[in-house]
>>> print(open('query_27.txt').read())   # compact mmCIF, C-alpha atoms
# COMPACT_ATOMS: atom_id res chain seq x y z
CA MET L 5 65.50 70.48 104.90
CA THR L 6 68.81 72.34 104.68
CA VAL L 7 69.05 74.58 101.63
CA VAL L 8 72.49 74.42 100.04
CA ALA L 9 73.53 77.77 98.62
CA PRO L 10 75.10 77.94 95.16
CA ARG L 11 78.76 76.94 95.25
CA PRO L 12 80.90 80.04 94.70
CA SER L 13 83.25 79.97 91.73
CA CYS L 14 86.70 79.06 93.10
CA LEU L 15 89.75 80.16 91.11
CA TYR L 16 92.41 79.00 93.59
CA GLU L 17 92.28 76.45 96.41
CA ASP L 18 94.76 74.81 98.76
CA GLU L 19 94.72 73.79 102.42
CA HIS L 20 95.55 77.33 103.56
CA LEU L 21 93.38 79.64 101.48
CA LEU L 22 90.75 80.07 98.78
CA VAL L 23 90.27 82.73 96.13
CA LEU L 24 86.58 82.95 95.24
CA GLU L 25 84.67 85.07 92.75
CA LYS L 26 81.88 87.13 94.30
CA PRO L 27 78.96 88.08 92.05
CA SER L 28 77.61 91.61 92.01
CA GLY L 29 74.66 92.04 94.36
CA LEU L 30 75.90 89.55 96.96
CA LEU L 31 77.19 90.71 100.34
CA SER L 32 80.68 89.57 101.37
CA VAL L 33 79.63 89.05 105.01
CA PRO L 34 76.22 89.05 106.72
CA GLY L 35 74.44 92.35 107.23
CA ARG L 36 71.80 93.38 109.75
CA GLY L 37 68.44 91.69 109.34
CA GLU L 38 67.20 88.29 108.22
CA ASP L 39 67.15 89.42 104.59
CA LYS L 40 70.91 90.11 104.65
CA GLN L 41 72.19 86.74 105.83
CA ASP L 42 72.91 85.33 102.36
CA CYS L 43 76.49 86.31 101.58
CA LEU L 44 79.74 84.99 100.16
CA ILE L 45 81.12 83.65 103.45
CA HIS L 46 77.80 81.91 104.22
CA ARG L 47 77.84 80.20 100.83
CA ALA L 48 81.52 79.34 101.15
CA LEU L 49 81.06 77.70 104.55
CA GLN L 50 78.57 75.24 103.08
CA HIS L 51 81.29 73.94 100.77
CA TRP L 52 84.48 74.78 102.70
CA PRO L 53 83.52 74.59 106.41
CA ASP L 54 86.89 76.03 107.51
CA ALA L 55 86.60 79.25 105.43
CA LEU L 56 87.50 82.48 107.27
CA VAL L 57 87.01 86.11 106.23
CA VAL L 58 90.14 88.09 105.31
CA HIS L 59 88.75 91.12 103.44
CA ARG L 60 85.58 92.06 101.62
CA LEU L 61 84.15 93.75 98.54
CA ASP L 62 81.18 96.11 98.41
CA MET L 63 77.90 94.38 97.67
CA SER L 64 77.66 95.98 94.21
CA THR L 65 81.25 95.09 93.26
CA SER L 66 82.07 91.70 91.74
CA GLY L 67 85.32 89.82 91.57
CA LEU L 68 88.09 88.18 93.55
CA VAL L 69 87.95 87.65 97.31
CA ILE L 70 90.53 85.79 99.42
CA LEU L 71 89.32 83.54 102.23
CA ALA L 72 91.69 81.86 104.69
CA ARG L 73 91.33 78.24 105.86
CA THR L 74 93.37 78.48 109.06
CA LYS L 75 93.61 81.12 111.79
CA THR L 76 97.33 81.54 111.05
CA ALA L 77 96.71 82.16 107.36
CA GLN L 78 93.89 84.57 108.23
CA SER L 79 96.21 86.56 110.51
CA ASP L 80 99.11 86.61 108.03
CA LEU L 81 96.89 87.61 105.10
CA GLY L 82 95.25 90.32 107.20
CA LYS L 83 98.69 91.72 108.02
CA ALA L 84 99.61 91.64 104.32
CA PHE L 85 96.51 93.68 103.44
CA ALA L 86 97.23 96.16 106.25
CA ALA L 87 100.82 96.55 105.06
CA ARG L 88 99.62 97.10 101.45
CA GLU L 89 101.47 93.99 100.31
CA VAL L 90 98.47 92.66 98.36
CA HIS L 91 98.45 94.12 94.86
CA LYS L 92 94.88 94.70 93.63
CA ARG L 93 93.64 95.62 90.18
CA TYR L 94 90.05 96.40 89.24
CA THR L 95 88.28 96.84 85.92
CA ALA L 96 85.73 99.66 85.74
CA VAL L 97 83.66 101.41 83.10
CA VAL L 98 83.19 105.11 83.75
CA PHE L 99 81.21 107.86 82.13
CA GLY L 100 82.92 110.14 79.61
CA GLN L 101 86.14 109.94 77.65
CA VAL L 102 89.06 109.69 80.06
CA ALA L 103 92.24 111.27 78.73
CA ALA L 104 95.27 109.01 78.66
CA PRO L 105 97.63 109.83 81.56
CA GLU L 106 100.89 111.58 80.71
CA GLN L 107 102.73 108.71 82.35
CA ASP L 108 101.81 105.03 81.98
CA TRP L 109 99.54 105.35 85.03
CA GLY L 110 97.68 108.40 86.28
CA MET L 111 97.08 109.11 89.94
CA VAL L 112 94.10 110.39 91.91
CA ASP L 113 95.29 111.74 95.26
CA ALA L 114 92.21 112.92 97.16
CA PRO L 115 91.70 112.47 100.94
CA LEU L 116 88.45 110.76 101.93
CA VAL L 117 86.22 111.00 104.99
CA CYS L 118 82.78 109.63 105.86
CA ASP L 119 79.89 111.98 105.12
CA TRP L 120 78.23 111.43 108.51
CA GLU L 121 74.89 112.95 107.53
CA ARG L 122 74.68 110.53 104.59
CA ARG L 123 76.76 107.61 105.87
CA PRO L 124 78.02 105.21 104.61
CA LEU L 125 78.78 107.64 101.76
CA GLN L 126 82.28 109.08 101.58
CA ILE L 127 83.41 112.51 100.41
CA VAL L 128 86.67 114.17 99.39
CA CYS L 129 87.84 116.50 102.15
CA PRO L 130 91.39 117.94 102.07
CA GLU L 131 91.06 119.21 105.66
CA THR L 132 89.85 116.12 107.54
CA GLY L 133 90.08 113.25 105.04
CA LYS L 134 92.45 110.31 105.33
CA PRO L 135 95.14 110.08 102.62
CA SER L 136 93.73 108.14 99.66
CA GLN L 137 95.41 107.32 96.36
CA THR L 138 94.24 105.43 93.28
CA ARG L 139 96.24 104.66 90.14
CA TYR L 140 94.37 104.45 86.83
CA GLN L 141 95.17 103.44 83.28
CA LEU L 142 93.16 103.18 80.08
CA HIS L 143 92.20 99.54 79.52
CA PRO L 144 93.72 98.18 76.30
CA ASP L 145 90.31 96.88 75.16
CA GLN L 146 87.60 99.52 74.75
CA ARG L 147 85.22 97.33 72.74
CA GLY L 148 81.68 96.52 73.79
CA ILE L 149 81.05 99.35 76.24
CA PRO L 150 78.29 101.98 76.00
CA PRO L 151 78.91 105.16 74.00
CA HIS L 152 80.47 108.05 75.92
CA SER L 153 82.22 105.76 78.38
CA THR L 154 85.75 104.45 79.05
CA ARG L 155 87.01 101.12 80.38
CA LEU L 156 89.78 101.56 82.94
CA TRP L 157 92.14 99.59 85.10
CA LEU L 158 92.18 100.91 88.66
CA GLU L 159 94.71 100.09 91.36
CA PRO L 160 94.01 101.34 94.89
CA ILE L 161 97.14 102.20 96.85
CA THR L 162 95.12 102.85 99.99
CA GLY L 163 92.00 100.92 100.92
CA ARG L 164 89.34 103.42 101.98
CA SER L 165 85.66 102.62 101.87
CA HIS L 166 84.17 103.27 98.40
CA GLN L 167 87.55 104.72 97.38
CA LEU L 168 87.48 103.81 93.70
CA ARG L 169 83.91 104.99 93.23
CA VAL L 170 84.49 108.32 94.96
CA HIS L 171 87.79 108.96 93.23
CA MET L 172 86.32 108.38 89.79
CA THR L 173 83.40 110.68 90.59
CA HIS L 174 85.90 113.26 91.87
CA MET L 175 87.66 113.05 88.48
CA GLY L 176 84.37 113.81 86.78
CA HIS L 177 83.96 110.22 85.53
CA PRO L 178 81.47 108.38 87.76
CA MET L 179 81.12 104.63 87.27
CA LEU L 180 78.25 103.33 85.20
CA GLY L 181 75.54 101.80 87.37
CA ASP L 182 76.84 103.43 90.57
CA ALA L 183 73.64 104.10 92.52
CA LEU L 184 75.53 105.81 95.36
CA TYR L 185 77.66 108.38 93.57
CA ALA L 186 76.61 108.70 89.92
CA PRO L 187 73.86 110.92 88.48
CA ALA L 188 70.65 109.07 87.59
CA ALA L 189 71.42 109.11 83.86
CA VAL L 190 74.79 107.40 84.47
CA VAL L 191 73.23 104.87 86.85
CA ALA L 192 70.77 103.98 84.09
CA MET L 193 73.56 103.23 81.60
CA ALA L 194 74.25 99.80 83.14
CA PRO L 195 72.21 97.12 84.95
CA ARG L 196 74.80 96.95 87.77
CA LEU L 197 77.84 98.79 89.08
CA LEU L 198 80.56 98.26 86.47
CA LEU L 199 83.39 97.55 88.91
CA HIS L 200 85.14 94.16 89.12
CA ALA L 201 88.12 93.01 91.20
CA THR L 202 90.04 91.44 88.36
CA MET L 203 93.48 90.60 89.79
CA LEU L 204 95.06 89.83 93.16
CA GLN L 205 98.80 89.35 93.57
CA PHE L 206 100.37 88.46 96.91
CA GLN L 207 102.80 86.16 98.69
CA HIS L 208 101.41 82.84 99.83
CA PRO L 209 101.15 83.08 103.64
CA VAL L 210 102.82 79.70 104.19
CA SER L 211 105.15 78.99 101.27
CA GLY L 212 106.04 82.63 100.62
CA SER L 213 105.84 82.00 96.89
CA PRO L 214 104.23 84.67 94.68
CA LEU L 215 100.63 84.00 93.79
CA GLN L 216 98.57 85.83 91.18
CA VAL L 217 94.90 85.12 90.46
CA GLN L 218 92.95 86.80 87.66
CA SER L 219 89.28 87.08 86.80
CA PRO L 220 88.23 88.83 83.59
CA ALA L 221 85.48 91.40 84.08
CA PRO L 222 82.06 90.18 82.89
CA PHE L 223 81.36 93.53 81.20
>>> encode(input="query_27.txt", output="structure tokens")
Amino acid sequence: MTVVAPRPSCLYEDEHLLVLEKPSGLLSVPGRGEDKQDCLIHRALQHWPDALVVHRLDMSTSGLVILARTKTAQSDLGKAFAAREVHKRYTAVVFGQVAAPEQDWGMVDAPLVCDWERRPLQIVCPETGKPSQTRYQLHPDQRGIPPHSTRLWLEPITGRSHQLRVHMTHMGHPMLGDALYAPAAVVAMAPRLLLHATMLQFQHPVSGSPLQVQSPAPF
């Protein structure tokens, strides 16, 4: 008997693309091993058989993911991501009290490179790292978060692996629940990584019209 996976939450759908909501703890694409085959694209294919991968989120991160439904849309959306034409905003909760930026948005500009002895971890390295920039702003709603923490909006300008997590740790404000980069006491402050892809804004690959999809963070 075929087991039908849970239907992913779909926030936008047309004949060219989907915007789904990935839960924390679910892979975006299959990993190595039989225990890593359950993932967002696998679940999507059971309900939208034409779904195609465009980009991905880390397993621990929740939030919005775009899937294409045609090869042309997949190619055009991939080019838009590569050209930094997809505007992304994340919600995060980090340890400590983050000072409000002098401007409306602050900037973390810290080059990143893979820490090969501990891969897939990334580290800040001015000498060999690839340019990496993240904008941050205090979230207007600070209610309901643990003491000694701050809710932020984060906007990656570049798209390096683990960029937001490493940049916040580099600032001295690791994300709550971040088992890769936060100290044990900060990991223990949340049952999951408190990072959620909360907004995607881009041009529709066929119509060219602006499209914005939002997903409030569940924390």
>>> residues_around(input="query_27.txt", residues="Ile45 in chain L", least_positions_apart="2", cutoff="9 Å", atoms="only C-alpha atoms", output="ChimeraX atom specification")
/L:31-34,42-43,47-50,55-57,71
>>> atom_distance(input="query_27.txt", atom1="CA of Gly176 in chain L", atom2="CA of Gly100 in chain L")
8.2 Å
>>> closest_residue(input="query_27.txt", among="L:Gln167, L:Thr202, L:Gln207, L:Arg93", to="Tyr185 in chain L", atoms="all atoms listed in the file")
L:Gln167
>>> closest_residue(input="query_27.txt", among="L:Glu25, L:Asp54, L:Asp62, L:Asp39", to="Asp182 in chain L", atoms="only C-alpha atoms")
L:Asp62
>>> closest_residue(input="query_27.txt", among="L:Ala192, L:Met63, L:Ile149, L:Leu116", to="Gly35 in chain L", atoms="all atoms listed in the file")
L:Met63
>>> atom_distance(input="query_27.txt", atom1="CA of Ala96 in chain L", atom2="CA of Leu81 in chain L")
25.4 Å
>>> closest_residue(input="query_27.txt", among="L:Val112, L:Leu30, L:Val69, L:Ala189", to="Met203 in chain L", atoms="only C-alpha atoms")
L:Val69
>>> decode(input="query_27.txt", residues="range 123-136 of chain L", atoms="all heavy atoms", output="short mmCIF file (atom, residue, chain, number, x, y, z; two decimals), in the first residue's frame")
data_model
loop_
_atom_site.label_atom_id
_atom_site.label_comp_id
_atom_site.auth_asym_id
_atom_site.auth_seq_id
_atom_site.Cartn_x
_atom_site.Cartn_y
_atom_site.Cartn_z
N ARG L 123 33.15 20.34 8.28
CA ARG L 123 32.09 20.57 7.31
C ARG L 123 30.84 19.75 7.66
O ARG L 123 30.99 18.66 8.21
CB ARG L 123 32.57 20.26 5.88
CG ARG L 123 33.14 18.90 5.63
CD ARG L 123 33.69 18.85 4.19
NE ARG L 123 34.23 17.55 3.86
CZ ARG L 123 35.47 17.15 4.12
NH1 ARG L 123 36.31 17.97 4.75
NH2 ARG L 123 35.88 15.95 3.78
N PRO L 124 29.65 20.28 7.43
CA PRO L 124 29.33 21.44 6.59
C PRO L 124 29.36 22.80 7.29
O PRO L 124 28.81 23.76 6.77
CB PRO L 124 27.91 21.12 6.13
CG PRO L 124 27.30 20.46 7.33
CD PRO L 124 28.42 19.62 7.92
N LEU L 125 29.96 22.89 8.48
CA LEU L 125 29.98 24.17 9.18
C LEU L 125 30.75 25.22 8.38
O LEU L 125 31.70 24.90 7.65
CB LEU L 125 30.59 24.02 10.58
CG LEU L 125 29.60 23.69 11.70
CD1 LEU L 125 28.96 22.34 11.47
CD2 LEU L 125 30.27 23.73 13.06
N GLN L 126 30.32 26.46 8.55
CA GLN L 126 30.96 27.60 7.89
C GLN L 126 31.60 28.49 8.95
O GLN L 126 31.18 28.51 10.10
CB GLN L 126 29.92 28.42 7.11
CG GLN L 126 29.06 27.60 6.16
CD GLN L 126 29.82 27.07 4.97
OE1 GLN L 126 30.52 27.81 4.30
NE2 GLN L 126 29.67 25.77 4.70
N ILE L 127 32.62 29.23 8.53
CA ILE L 127 33.29 30.17 9.43
C ILE L 127 33.53 31.49 8.72
O ILE L 127 33.58 31.55 7.48
CB ILE L 127 34.64 29.62 9.96
CG1 ILE L 127 35.55 29.23 8.79
CG2 ILE L 127 34.42 28.45 10.90
CD1 ILE L 127 36.96 28.83 9.22
N VAL L 128 33.68 32.55 9.52
CA VAL L 128 34.06 33.86 8.98
C VAL L 128 35.57 33.86 8.75
O VAL L 128 36.34 33.52 9.64
CB VAL L 128 33.66 34.99 9.95
CG1 VAL L 128 34.22 36.33 9.48
CG2 VAL L 128 32.14 35.05 10.10
N CYS L 129 35.98 34.23 7.53
CA CYS L 129 37.40 34.26 7.20
C CYS L 129 37.66 35.41 6.22
O CYS L 129 37.36 35.27 5.02
CB CYS L 129 37.86 32.94 6.61
SG CYS L 129 39.65 32.91 6.26
N PRO L 130 38.19 36.54 6.70
CA PRO L 130 38.44 37.68 5.81
C PRO L 130 39.40 37.36 4.67
O PRO L 130 39.32 37.98 3.61
CB PRO L 130 39.02 38.74 6.76
CG PRO L 130 38.54 38.33 8.12
CD PRO L 130 38.49 36.84 8.10
N GLU L 131 40.31 36.40 4.88
CA GLU L 131 41.34 36.12 3.88
C GLU L 131 40.79 35.28 2.73
O GLU L 131 41.05 35.57 1.55
CB GLU L 131 42.55 35.41 4.50
CG GLU L 131 43.38 36.26 5.44
CD GLU L 131 42.73 36.43 6.81
OE1 GLU L 131 41.88 35.57 7.18
OE2 GLU L 131 43.05 37.41 7.51
N THR L 132 40.07 34.20 3.04
CA THR L 132 39.65 33.27 1.99
C THR L 132 38.14 33.16 1.82
O THR L 132 37.68 32.46 0.92
CB THR L 132 40.20 31.85 2.30
OG1 THR L 132 39.66 31.40 3.55
CG2 THR L 132 41.71 31.88 2.39
N GLY L 133 37.37 33.83 2.65
CA GLY L 133 35.92 33.72 2.58
C GLY L 133 35.32 34.43 1.38
O GLY L 133 35.90 35.38 0.84
N LYS L 134 34.15 33.96 0.97
CA LYS L 134 33.40 34.61 -0.11
C LYS L 134 32.60 35.77 0.48
O LYS L 134 32.07 35.66 1.59
CB LYS L 134 32.46 33.61 -0.78
CG LYS L 134 33.17 32.48 -1.50
CD LYS L 134 32.16 31.53 -2.14
CE LYS L 134 32.86 30.41 -2.87
NZ LYS L 134 31.89 29.46 -3.49
N PRO L 135 32.49 36.87 -0.25
CA PRO L 135 31.72 38.02 0.26
C PRO L 135 30.32 37.59 0.69
O PRO L 135 29.63 36.87 -0.03
CB PRO L 135 31.66 38.96 -0.95
CG PRO L 135 32.87 38.61 -1.77
CD PRO L 135 33.05 37.13 -1.60
N SER L 136 29.92 38.05 1.88
CA SER L 136 28.64 37.64 2.46
C SER L 136 28.06 38.81 3.25
O SER L 136 28.73 39.33 4.15
CB SER L 136 28.83 36.43 3.38
OG SER L 136 29.52 35.38 2.70
#
